[in-house]
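**Student:** Below is the file query04.pdb, with PDB, C-alpha atoms.
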```
ATOM      1  CA  MET B   1       3.940 -27.772  27.531
ATOM      2  CA  THR B   2       1.583 -27.697  24.543
ATOM      3  CA  ILE B   3       2.443 -29.930  21.595
ATOM      4  CA  LEU B   4       1.140 -28.734  18.243
ATOM      5  CA  THR B   5       0.389 -31.318  15.633
ATOM      6  CA  ALA B   6       1.026 -30.582  11.970
ATOM      7  CA  SER B   7      -2.712 -30.220  11.376
ATOM      8  CA  ARG B   8      -3.049 -27.777  14.300
ATOM      9  CA  VAL B   9      -0.168 -25.624  12.990
ATOM     10  CA  ALA B  10      -1.749 -25.649   9.521
ATOM     11  CA  ALA B  11      -5.081 -24.601  11.000
ATOM     12  CA  LEU B  12      -3.431 -21.731  12.886
ATOM     13  CA  VAL B  13      -1.641 -20.535   9.762
ATOM     14  CA  VAL B  14      -4.863 -20.683   7.722
ATOM     15  CA  GLY B  15      -6.653 -18.773  10.478
ATOM     16  CA  ALA B  16      -3.931 -16.143  10.526
ATOM     17  CA  LEU B  17      -4.177 -15.814   6.745
ATOM     18  CA  ALA B  18      -7.872 -15.077   7.111
ATOM     19  CA  LEU B  19      -7.020 -12.210   9.451
ATOM     20  CA  THR B  20      -4.610 -10.533   7.070
ATOM     21  CA  GLY B  21      -5.717  -7.897   4.600
ATOM     22  CA  CYS B  22      -3.101  -8.904   2.075
ATOM     23  CA  SER B  23       0.016 -10.999   2.272
ATOM     24  CA  THR B  24       3.097 -12.168   0.456
ATOM     25  CA  GLY B  25       2.037 -15.760   0.917
ATOM     26  CA  ALA B  26       1.809 -18.560   3.430
ATOM     27  CA  ASP B  27       5.593 -18.919   3.764
ATOM     28  CA  ASP B  28       6.041 -15.369   5.070
ATOM     29  CA  LEU B  29       3.028 -15.645   7.334
ATOM     30  CA  ALA B  30       4.202 -19.002   8.677
ATOM     31  CA  ALA B  31       7.649 -17.541   9.372
ATOM     32  CA  GLN B  32       6.099 -14.655  11.293
ATOM     33  CA  TYR B  33       3.895 -17.107  13.193
ATOM     34  CA  ARG B  34       6.895 -19.271  14.129
ATOM     35  CA  ALA B  35       8.739 -16.155  15.265
ATOM     36  CA  GLY B  36       5.896 -15.511  17.691
ATOM     37  CA  THR B  37       5.238 -11.930  16.622
ATOM     38  CA  GLY B  38       1.464 -12.308  16.854
ATOM     39  CA  GLN B  39       1.066  -9.260  14.651
ATOM     40  CA  GLY B  40      -1.603 -10.733  12.368
ATOM     41  CA  TYR B  41      -0.396  -9.021   9.187
ATOM     42  CA  ILE B  42       2.447  -9.261   6.694
ATOM     43  CA  SER B  43       4.498  -6.167   7.326
ATOM     44  CA  GLY B  44       7.153  -6.431   4.662
ATOM     45  CA  ASP B  45      10.720  -5.491   5.446
ATOM     46  CA  GLY B  46      10.902  -1.946   4.122
ATOM     47  CA  ALA B  47      12.701  -3.171   1.015
ATOM     48  CA  TYR B  48      12.286  -1.070  -2.076
ATOM     49  CA  THR B  49      12.164  -1.811  -5.779
ATOM     50  CA  VAL B  50      12.870   0.648  -8.573
ATOM     51  CA  VAL B  51      11.823  -0.429 -12.070
ATOM     52  CA  ASP B  52      13.788   0.848 -15.049
ATOM     53  CA  GLU B  53      11.584   2.656 -17.582
ATOM     54  CA  ARG B  54      12.291  -0.021 -20.200
ATOM     55  CA  ASP B  55      11.158  -2.800 -17.867
ATOM     56  CA  ARG B  56       7.867  -1.370 -16.619
ATOM     57  CA  GLY B  57       4.666  -3.261 -17.270
ATOM     58  CA  GLU B  58       1.401  -2.121 -18.744
ATOM     59  CA  PRO B  59      -0.384   0.969 -17.385
ATOM     60  CA  VAL B  60      -2.542   0.266 -14.352
ATOM     61  CA  VAL B  61      -6.275   0.854 -14.897
ATOM     62  CA  PHE B  62      -8.838   1.216 -12.114
ATOM     63  CA  SER B  63     -11.963   3.070 -11.046
ATOM     64  CA  ALA B  64     -12.999   3.164  -7.398
ATOM     65  CA  THR B  65     -14.965   4.900  -4.647
ATOM     66  CA  LEU B  66     -13.268   7.342  -2.273
ATOM     67  CA  ASP B  67     -13.830   7.622   1.463
ATOM     68  CA  THR B  68     -14.518  11.340   0.984
ATOM     69  CA  GLY B  69     -17.329  10.663  -1.481
ATOM     70  CA  GLY B  70     -17.232  10.452  -5.231
ATOM     71  CA  THR B  71     -14.990   8.282  -7.342
ATOM     72  CA  ILE B  72     -11.516   8.313  -8.818
ATOM     73  CA  SER B  73     -10.114   6.555 -11.841
ATOM     74  CA  THR B  74      -6.854   6.361 -13.690
ATOM     75  CA  ASP B  75      -8.392   8.707 -16.270
ATOM     76  CA  ASP B  76      -8.362  11.398 -13.547
ATOM     77  CA  LEU B  77      -4.642  10.773 -12.983
ATOM     78  CA  ALA B  78      -3.555  10.541 -16.619
ATOM     79  CA  GLY B  79      -0.239  12.245 -17.347
ATOM     80  CA  GLN B  80       0.634  12.710 -13.665
ATOM     81  CA  VAL B  81       3.152  11.051 -11.399
ATOM     82  CA  TYR B  82       1.211   9.858  -8.348
ATOM     83  CA  VAL B  83       1.715   7.904  -5.125
ATOM     84  CA  VAL B  84      -0.489   5.069  -3.865
ATOM     85  CA  ASN B  85      -0.336   3.779  -0.287
ATOM     86  CA  PHE B  86      -2.065   0.499   0.679
ATOM     87  CA  TRP B  87      -3.112   0.499   4.340
ATOM     88  CA  TYR B  88      -5.778  -0.127   6.978
ATOM     89  CA  ALA B  89      -6.463   1.579  10.283
ATOM     90  CA  SER B  90      -5.430  -1.099  12.783
ATOM     91  CA  CYS B  91      -2.143  -1.872  10.991
ATOM     92  CA  PRO B  92       0.611  -0.624  13.381
ATOM     93  CA  PRO B  93       3.175   0.387  10.716
ATOM     94  CA  CYS B  94       0.414   2.192   8.801
ATOM     95  CA  ARG B  95      -0.147   4.347  11.868
ATOM     96  CA  VAL B  96       3.585   4.984  12.286
ATOM     97  CA  GLU B  97       4.159   6.106   8.696
ATOM     98  CA  ALA B  98       0.990   8.219   8.329
ATOM     99  CA  PRO B  99       2.617  11.526   9.457
ATOM    100  CA  ASP B 100       5.568  11.031   7.069
ATOM    101  CA  LEU B 101       3.256  10.279   4.156
ATOM    102  CA  GLU B 102       1.165  13.351   4.936
ATOM    103  CA  SER B 103       4.284  15.516   5.116
ATOM    104  CA  LEU B 104       5.425  14.255   1.715
ATOM    105  CA  ALA B 105       1.930  14.703   0.281
ATOM    106  CA  GLN B 106       2.049  18.351   1.348
ATOM    107  CA  GLU B 107       5.569  18.758  -0.030
ATOM    108  CA  PHE B 108       4.643  17.430  -3.481
ATOM    109  CA  ARG B 109       1.167  18.951  -3.711
ATOM    110  CA  ASP B 110       2.486  22.143  -5.317
ATOM    111  CA  VAL B 111       4.218  20.216  -8.107
ATOM    112  CA  GLY B 112       1.099  18.203  -8.900
ATOM    113  CA  VAL B 113       1.868  14.786  -7.412
ATOM    114  CA  PRO B 114      -1.320  13.434  -5.820
ATOM    115  CA  PHE B 115      -1.226  10.905  -2.989
ATOM    116  CA  ILE B 116      -4.015   8.324  -2.782
ATOM    117  CA  GLY B 117      -4.637   5.824  -0.013
ATOM    118  CA  VAL B 118      -6.094   2.387  -0.691
ATOM    119  CA  ASN B 119      -7.822   1.086   2.409
ATOM    120  CA  ILE B 120      -7.968  -2.682   2.094
ATOM    121  CA  ARG B 121     -10.010  -3.524   5.191
ATOM    122  CA  ASP B 122     -12.102  -0.704   6.708
ATOM    123  CA  THR B 123     -15.442   1.012   6.270
ATOM    124  CA  VAL B 124     -15.670   4.617   5.163
ATOM    125  CA  ALA B 125     -16.289   5.737   8.762
ATOM    126  CA  VAL B 126     -13.170   3.992  10.088
ATOM    127  CA  SER B 127     -11.076   5.306   7.209
ATOM    128  CA  ARG B 128     -12.195   8.895   7.841
ATOM    129  CA  THR B 129     -11.650   8.563  11.604
ATOM    130  CA  PHE B 130      -8.061   7.500  10.890
ATOM    131  CA  ALA B 131      -7.594  10.462   8.542
ATOM    132  CA  ASP B 132      -8.887  12.854  11.184
ATOM    133  CA  GLU B 133      -6.753  11.324  13.939
ATOM    134  CA  PHE B 134      -3.524  11.425  11.935
ATOM    135  CA  GLY B 135      -4.186  14.600   9.965
ATOM    136  CA  VAL B 136      -4.203  12.856   6.588
ATOM    137  CA  SER B 137      -5.452  15.324   3.986
ATOM    138  CA  TYR B 138      -5.619  13.042   0.939
ATOM    139  CA  SER B 139      -8.487  10.667   0.219
ATOM    140  CA  SER B 140      -8.441   6.897   0.325
ATOM    141  CA  ILE B 141     -10.086   4.371  -1.940
ATOM    142  CA  ILE B 142     -12.249   1.871  -0.081
ATOM    143  CA  ASP B 143     -11.090  -1.441  -1.561
ATOM    144  CA  VAL B 144     -12.455  -3.866   1.018
ATOM    145  CA  ASN B 145     -15.429  -5.206  -0.946
ATOM    146  CA  ASP B 146     -13.918  -6.406  -4.202
ATOM    147  CA  GLY B 147     -10.186  -5.738  -3.975
ATOM    148  CA  GLY B 148     -10.354  -4.240  -7.441
ATOM    149  CA  VAL B 149      -7.522  -1.766  -6.946
ATOM    150  CA  ARG B 150      -5.249  -4.393  -5.403
ATOM    151  CA  LEU B 151      -6.012  -6.613  -8.392
ATOM    152  CA  ALA B 152      -5.249  -3.772 -10.808
ATOM    153  CA  PHE B 153      -1.781  -3.396  -9.273
ATOM    154  CA  ALA B 154      -1.082  -7.142  -9.108
ATOM    155  CA  GLY B 155       1.985  -8.208 -11.039
ATOM    156  CA  GLU B 156       5.719  -7.645 -10.927
ATOM    157  CA  VAL B 157       5.622  -4.945  -8.267
ATOM    158  CA  ALA B 158       2.365  -5.847  -6.596
ATOM    159  CA  PRO B 159       1.325  -4.447  -3.200
ATOM    160  CA  ASN B 160       2.280  -7.624  -1.361
ATOM    161  CA  ALA B 161       2.590  -6.270   2.183
ATOM    162  CA  VAL B 162       0.742  -3.919   4.486
ATOM    163  CA  PRO B 163       1.644  -1.142   4.114
ATOM    164  CA  THR B 164       2.958  -0.843   0.577
ATOM    165  CA  THR B 165       3.707   2.445  -1.154
ATOM    166  CA  LEU B 166       3.944   2.719  -4.941
ATOM    167  CA  VAL B 167       5.117   5.525  -7.225
ATOM    168  CA  VAL B 168       3.337   5.537 -10.590
ATOM    169  CA  ASP B 169       4.816   7.268 -13.636
ATOM    170  CA  ARG B 170       3.112   9.598 -16.138
ATOM    171  CA  GLN B 171       2.200   6.624 -18.330
ATOM    172  CA  GLY B 172       0.363   4.957 -15.443
ATOM    173  CA  ARG B 173       3.033   2.298 -14.840
ATOM    174  CA  VAL B 174       4.528   1.365 -11.472
ATOM    175  CA  ALA B 175       7.974   2.943 -11.259
ATOM    176  CA  ALA B 176       8.910   2.115  -7.662
ATOM    177  CA  ARG B 177       7.667   0.264  -4.586
ATOM    178  CA  ILE B 178       8.382   0.326  -0.867
ATOM    179  CA  SER B 179       7.239  -2.936   0.707
ATOM    180  CA  GLY B 180       6.462  -2.409   4.376
ATOM    181  CA  LEU B 181       6.964   0.547   6.681
ATOM    182  CA  LEU B 182       8.281   3.773   5.175
ATOM    183  CA  THR B 183      11.295   4.131   7.468
ATOM    184  CA  GLU B 184      13.117   6.813   5.499
ATOM    185  CA  PRO B 185      10.926   9.515   3.913
ATOM    186  CA  SER B 186      13.975  10.562   1.888
ATOM    187  CA  THR B 187      13.756   7.260  -0.018
ATOM    188  CA  LEU B 188      10.212   7.953  -1.190
ATOM    189  CA  ARG B 189      11.110  11.583  -1.902
ATOM    190  CA  ALA B 190      13.958  10.440  -4.165
ATOM    191  CA  MET B 191      11.688   7.945  -5.937
ATOM    192  CA  ILE B 192       9.122  10.651  -6.660
ATOM    193  CA  ASN B 193      11.722  13.168  -7.823
ATOM    194  CA  ASP B 194      13.416  10.595 -10.075
ATOM    195  CA  THR B 195      10.061   9.694 -11.637
ATOM    196  CA  LEU B 196       9.222  13.374 -12.112
ATOM    197  CA  ALA B 197      12.577  13.897 -13.826
ATOM    198  CA  GLU B 198      11.852  11.292 -16.487
ATOM    199  CA  ALA B 199      11.058  12.481 -19.994
ATOM    200  CA  ASN B 200       7.318  12.793 -20.696
TER     201      ASN B 200
END
```
With the file now loaded, output its structure as structure tokens.

**Tutor:**
Amino acid sequence: MTILTASRVAALVVGALALTGCSTGADDLAAQYRAGTGQGYISGDGAYTVVDERDRGEPVVFSATLDTGGTISTDDLAGQVYVVNFWYASCPPCRVEAPDLESLAQEFRDVGVPFIGVNIRDTVAVSRTFADEFGVSYSSIIDVNDGGVRLAFAGEVAPNAVPTTLVVDRQGRVAARISGLLTEPSTLRAMINDTLAEAN
């Protein structure tokens, strides 16, 4: 039987934190470690948050490089409802939800709701290989070097799990968040439709 000292447990938790792309904090990671999941990421619990229009924060502002070449900024998305999904290729729930996200991206393409991935860990090559494997048609921002997009979304409804999916309103403010695996595509569909239905 192996006995872990407090310092050894702390070292393991710190090491696990270093392996995660983003997390909700040491408490969640420690709980997952104690549960013995060995998953190496903070998965979230699929909980969702909807923010009333009156309570939304300031518009999010970012400019970043896409895995398909070129750049994207919030200026390109001005006046549109859009969806942002934070992910990386070796994240198991990211792989599970990819077909549902692609299906919704296709569904909302005709009404002008762009989907954008934010890859928090991978190179361009790995990101594109994932897109090819899972048939993902929308581009992803490569955010591994400076975390600038994650930082831009930090705040009340920050992307605090992998994956996290956000719906952004026409004013560039976060309107809704799904923290963790998208288990019910109908939930995200309703979030998008409700945000679209808001007055301009």

**Student:** Could you tell me which residues the PyMOL selection byres ((chain B and resi 176) around 7) returns for this structure, as number ranges by chain?

**Tutor:** B: 49-51, 166-167, 174-175, 177, 191

**Student:** If the PyMOL selection byres ((chain B and resi 76-90) around 7) were run on this exact file, what residues would it hold? Put them as an MDAnalysis selection string.

**Tutor:** chainID B and resid 72:75 91:92 94 113:122 127 130 162:172 196

**Student:** Identify which of the residues B:Ala98, B:Asp132, B:Val157, B:Ala199 lies closest to Asp55 of chain B, counting all atoms listed in the file when measuring atom-to-atom distances.

**Tutor:**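 Using all atoms listed in the file, Asp55 of chain B sits closest to B:Val157.
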
**Student:** Quick one, how far is atom CA of Thr65 of chain B from atom CA of Gly155 of chain B?

**Tutor:**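 Straight-line distance from atom CA of Thr65 of chain B to atom CA of Gly155 of chain B works out to 22.4 Å.
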
**Student:** Check the smallest atom-to-atom distance from each of B:Ala158, B:Asp100, B:Arg128, B:Tyr48 to Ile178 of chain B using all atoms listed in the file, then report the winner.

**Tutor:** B:Tyr48

**Student:** Rounded to one decimal, what separation in Å do you get between atom CA of Glu58 of chain B and atom CA of Arg173 of chain B?

**Tutor:**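 Atom-to-atom, atom CA of Glu58 of chain B and atom CA of Arg173 of chain B are spaced 6.1 Å apart.
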
**Student:** Could you tell me which of B:Val111, B:Ala190, B:Ala125, B:Ala152 comes closest to Phe62 of chain B if we count all atoms listed in the file?

**Tutor:**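 Counting all atoms listed in the file, the residue closest to Phe62 of chain B is B:Ala152.
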
**Student:** Rank nothing, just name the residue among B:Glu97, B:Asp143, B:Glu102, B:Glu133 nearest to Gly180 of chain B, using all atoms listed in the file.

**Tutor:**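 Of B:Glu97, B:Asp143, B:Glu102, B:Glu133, the one nearest Gly180 of chain B, counting all atoms listed in the file, is B:Glu97.
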
**Student:** Enter the distance from atom CA of Glu184 of chain B to atom CA of Arg95 of chain B, in Å, rounded to one decimal.

**Tutor:**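 Separating atom CA of Glu184 of chain B from atom CA of Arg95 of chain B is a distance of 14.9 Å.
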
**Student:** Restricting the calculation to all atoms listed in the file: of B:Ser137, B:Thr68, B:Thr129, B:Ser103, which residue gets closest to Leu188 of chain B?

**Tutor:**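 Closest to Leu188 of chain B, using all atoms listed in the file: B:Ser103.
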
**Student:** Can you rebuild segment 52-80 of chain B with N, CA and C atoms and give it as an mmCIF file, in the frame of the given file?

**Tutor:**
```cif
data_model
loop_
_atom_site.group_PDB
_atom_site.id
_atom_site.type_symbol
_atom_site.label_atom_id
_atom_site.label_comp_id
_atom_site.auth_asym_id
_atom_site.auth_seq_id
_atom_site.Cartn_x
_atom_site.Cartn_y
_atom_site.Cartn_z
ATOM 1 N N ASP B 52 13.294 0.063 -13.924
ATOM 2 C CA ASP B 52 13.788 0.848 -15.049
ATOM 3 C C ASP B 52 12.646 1.115 -16.029
ATOM 4 N N GLU B 53 12.662 2.278 -16.656
ATOM 5 C CA GLU B 53 11.584 2.656 -17.582
ATOM 6 C C GLU B 53 11.340 1.595 -18.651
ATOM 7 N N ARG B 54 12.413 0.983 -19.133
ATOM 8 C CA ARG B 54 12.291 -0.021 -20.200
ATOM 9 C C ARG B 54 11.623 -1.304 -19.724
ATOM 10 N N ASP B 55 11.646 -1.530 -18.410
ATOM 11 C CA ASP B 55 11.158 -2.800 -17.867
ATOM 12 C C ASP B 55 9.789 -2.696 -17.212
ATOM 13 N N ARG B 56 9.172 -1.539 -17.259
ATOM 14 C CA ARG B 56 7.867 -1.370 -16.619
ATOM 15 C C ARG B 56 6.773 -2.070 -17.402
ATOM 16 N N GLY B 57 5.773 -2.542 -16.649
ATOM 17 C CA GLY B 57 4.666 -3.261 -17.270
ATOM 18 C C GLY B 57 3.661 -2.335 -17.907
ATOM 19 N N GLU B 58 2.494 -2.876 -18.130
ATOM 20 C CA GLU B 58 1.401 -2.121 -18.744
ATOM 21 C C GLU B 58 0.857 -1.078 -17.763
ATOM 22 N N PRO B 59 0.246 -0.011 -18.271
ATOM 23 C CA PRO B 59 -0.384 0.969 -17.385
ATOM 24 C C PRO B 59 -1.464 0.317 -16.524
ATOM 25 N N VAL B 60 -1.521 0.746 -15.282
ATOM 26 C CA VAL B 60 -2.542 0.266 -14.352
ATOM 27 C C VAL B 60 -3.850 0.995 -14.665
ATOM 28 N N VAL B 61 -4.963 0.266 -14.622
ATOM 29 C CA VAL B 61 -6.275 0.854 -14.897
ATOM 30 C C VAL B 61 -7.219 0.480 -13.759
ATOM 31 N N PHE B 62 -7.847 1.494 -13.149
ATOM 32 C CA PHE B 62 -8.838 1.216 -12.114
ATOM 33 C C PHE B 62 -9.833 2.365 -12.019
ATOM 34 N N SER B 63 -10.954 2.080 -11.403
ATOM 35 C CA SER B 63 -11.963 3.070 -11.046
ATOM 36 C C SER B 63 -12.514 2.635 -9.703
ATOM 37 N N ALA B 64 -12.626 3.562 -8.750
ATOM 38 C CA ALA B 64 -12.999 3.164 -7.398
ATOM 39 C C ALA B 64 -13.679 4.301 -6.651
ATOM 40 N N THR B 65 -14.262 3.946 -5.507
ATOM 41 C CA THR B 65 -14.965 4.900 -4.647
ATOM 42 C C THR B 65 -14.032 5.410 -3.555
ATOM 43 N N LEU B 66 -14.099 6.707 -3.300
ATOM 44 C CA LEU B 66 -13.268 7.342 -2.273
ATOM 45 C C LEU B 66 -14.001 7.445 -0.942
ATOM 46 N N ASP B 67 -13.220 7.482 0.140
ATOM 47 C CA ASP B 67 -13.830 7.622 1.463
ATOM 48 C C ASP B 67 -14.370 9.025 1.715
ATOM 49 N N THR B 68 -14.015 9.969 0.863
ATOM 50 C CA THR B 68 -14.518 11.340 0.984
ATOM 51 C C THR B 68 -15.735 11.582 0.100
ATOM 52 N N GLY B 69 -16.206 10.530 -0.558
ATOM 53 C CA GLY B 69 -17.329 10.663 -1.481
ATOM 54 C C GLY B 69 -16.824 10.784 -2.902
ATOM 55 N N GLY B 70 -17.642 10.379 -3.840
ATOM 56 C CA GLY B 70 -17.232 10.452 -5.231
ATOM 57 C C GLY B 70 -16.355 9.277 -5.617
ATOM 58 N N THR B 71 -15.814 9.360 -6.812
ATOM 59 C CA THR B 71 -14.990 8.282 -7.342
ATOM 60 C C THR B 71 -13.696 8.845 -7.896
ATOM 61 N N ILE B 72 -12.770 7.952 -8.159
ATOM 62 C CA ILE B 72 -11.516 8.313 -8.818
ATOM 63 C C ILE B 72 -11.175 7.198 -9.785
ATOM 64 N N SER B 73 -10.556 7.568 -10.881
ATOM 65 C CA SER B 73 -10.114 6.555 -11.841
ATOM 66 C C SER B 73 -8.760 6.964 -12.393
ATOM 67 N N THR B 74 -8.141 6.047 -13.089
ATOM 68 C CA THR B 74 -6.854 6.361 -13.690
ATOM 69 C C THR B 74 -6.993 7.430 -14.775
ATOM 70 N N ASP B 75 -8.173 7.600 -15.328
ATOM 71 C CA ASP B 75 -8.392 8.707 -16.270
ATOM 72 C C ASP B 75 -8.165 10.051 -15.582
ATOM 73 N N ASP B 76 -8.550 10.160 -14.300
ATOM 74 C CA ASP B 76 -8.362 11.398 -13.547
ATOM 75 C C ASP B 76 -6.891 11.684 -13.278
ATOM 76 N N LEU B 77 -6.059 10.650 -13.326
ATOM 77 C CA LEU B 77 -4.642 10.773 -12.983
ATOM 78 C C LEU B 77 -3.738 10.747 -14.206
ATOM 79 N N ALA B 78 -4.329 10.679 -15.381
ATOM 80 C CA ALA B 78 -3.555 10.541 -16.619
ATOM 81 C C ALA B 78 -2.531 11.665 -16.760
ATOM 82 N N GLY B 79 -1.305 11.278 -17.119
ATOM 83 C CA GLY B 79 -0.239 12.245 -17.347
ATOM 84 C C GLY B 79 0.446 12.753 -16.091
ATOM 85 N N GLN B 80 0.045 12.261 -14.925
ATOM 86 C CA GLN B 80 0.634 12.710 -13.665
ATOM 87 C C GLN B 80 1.442 11.583 -13.016
#
```
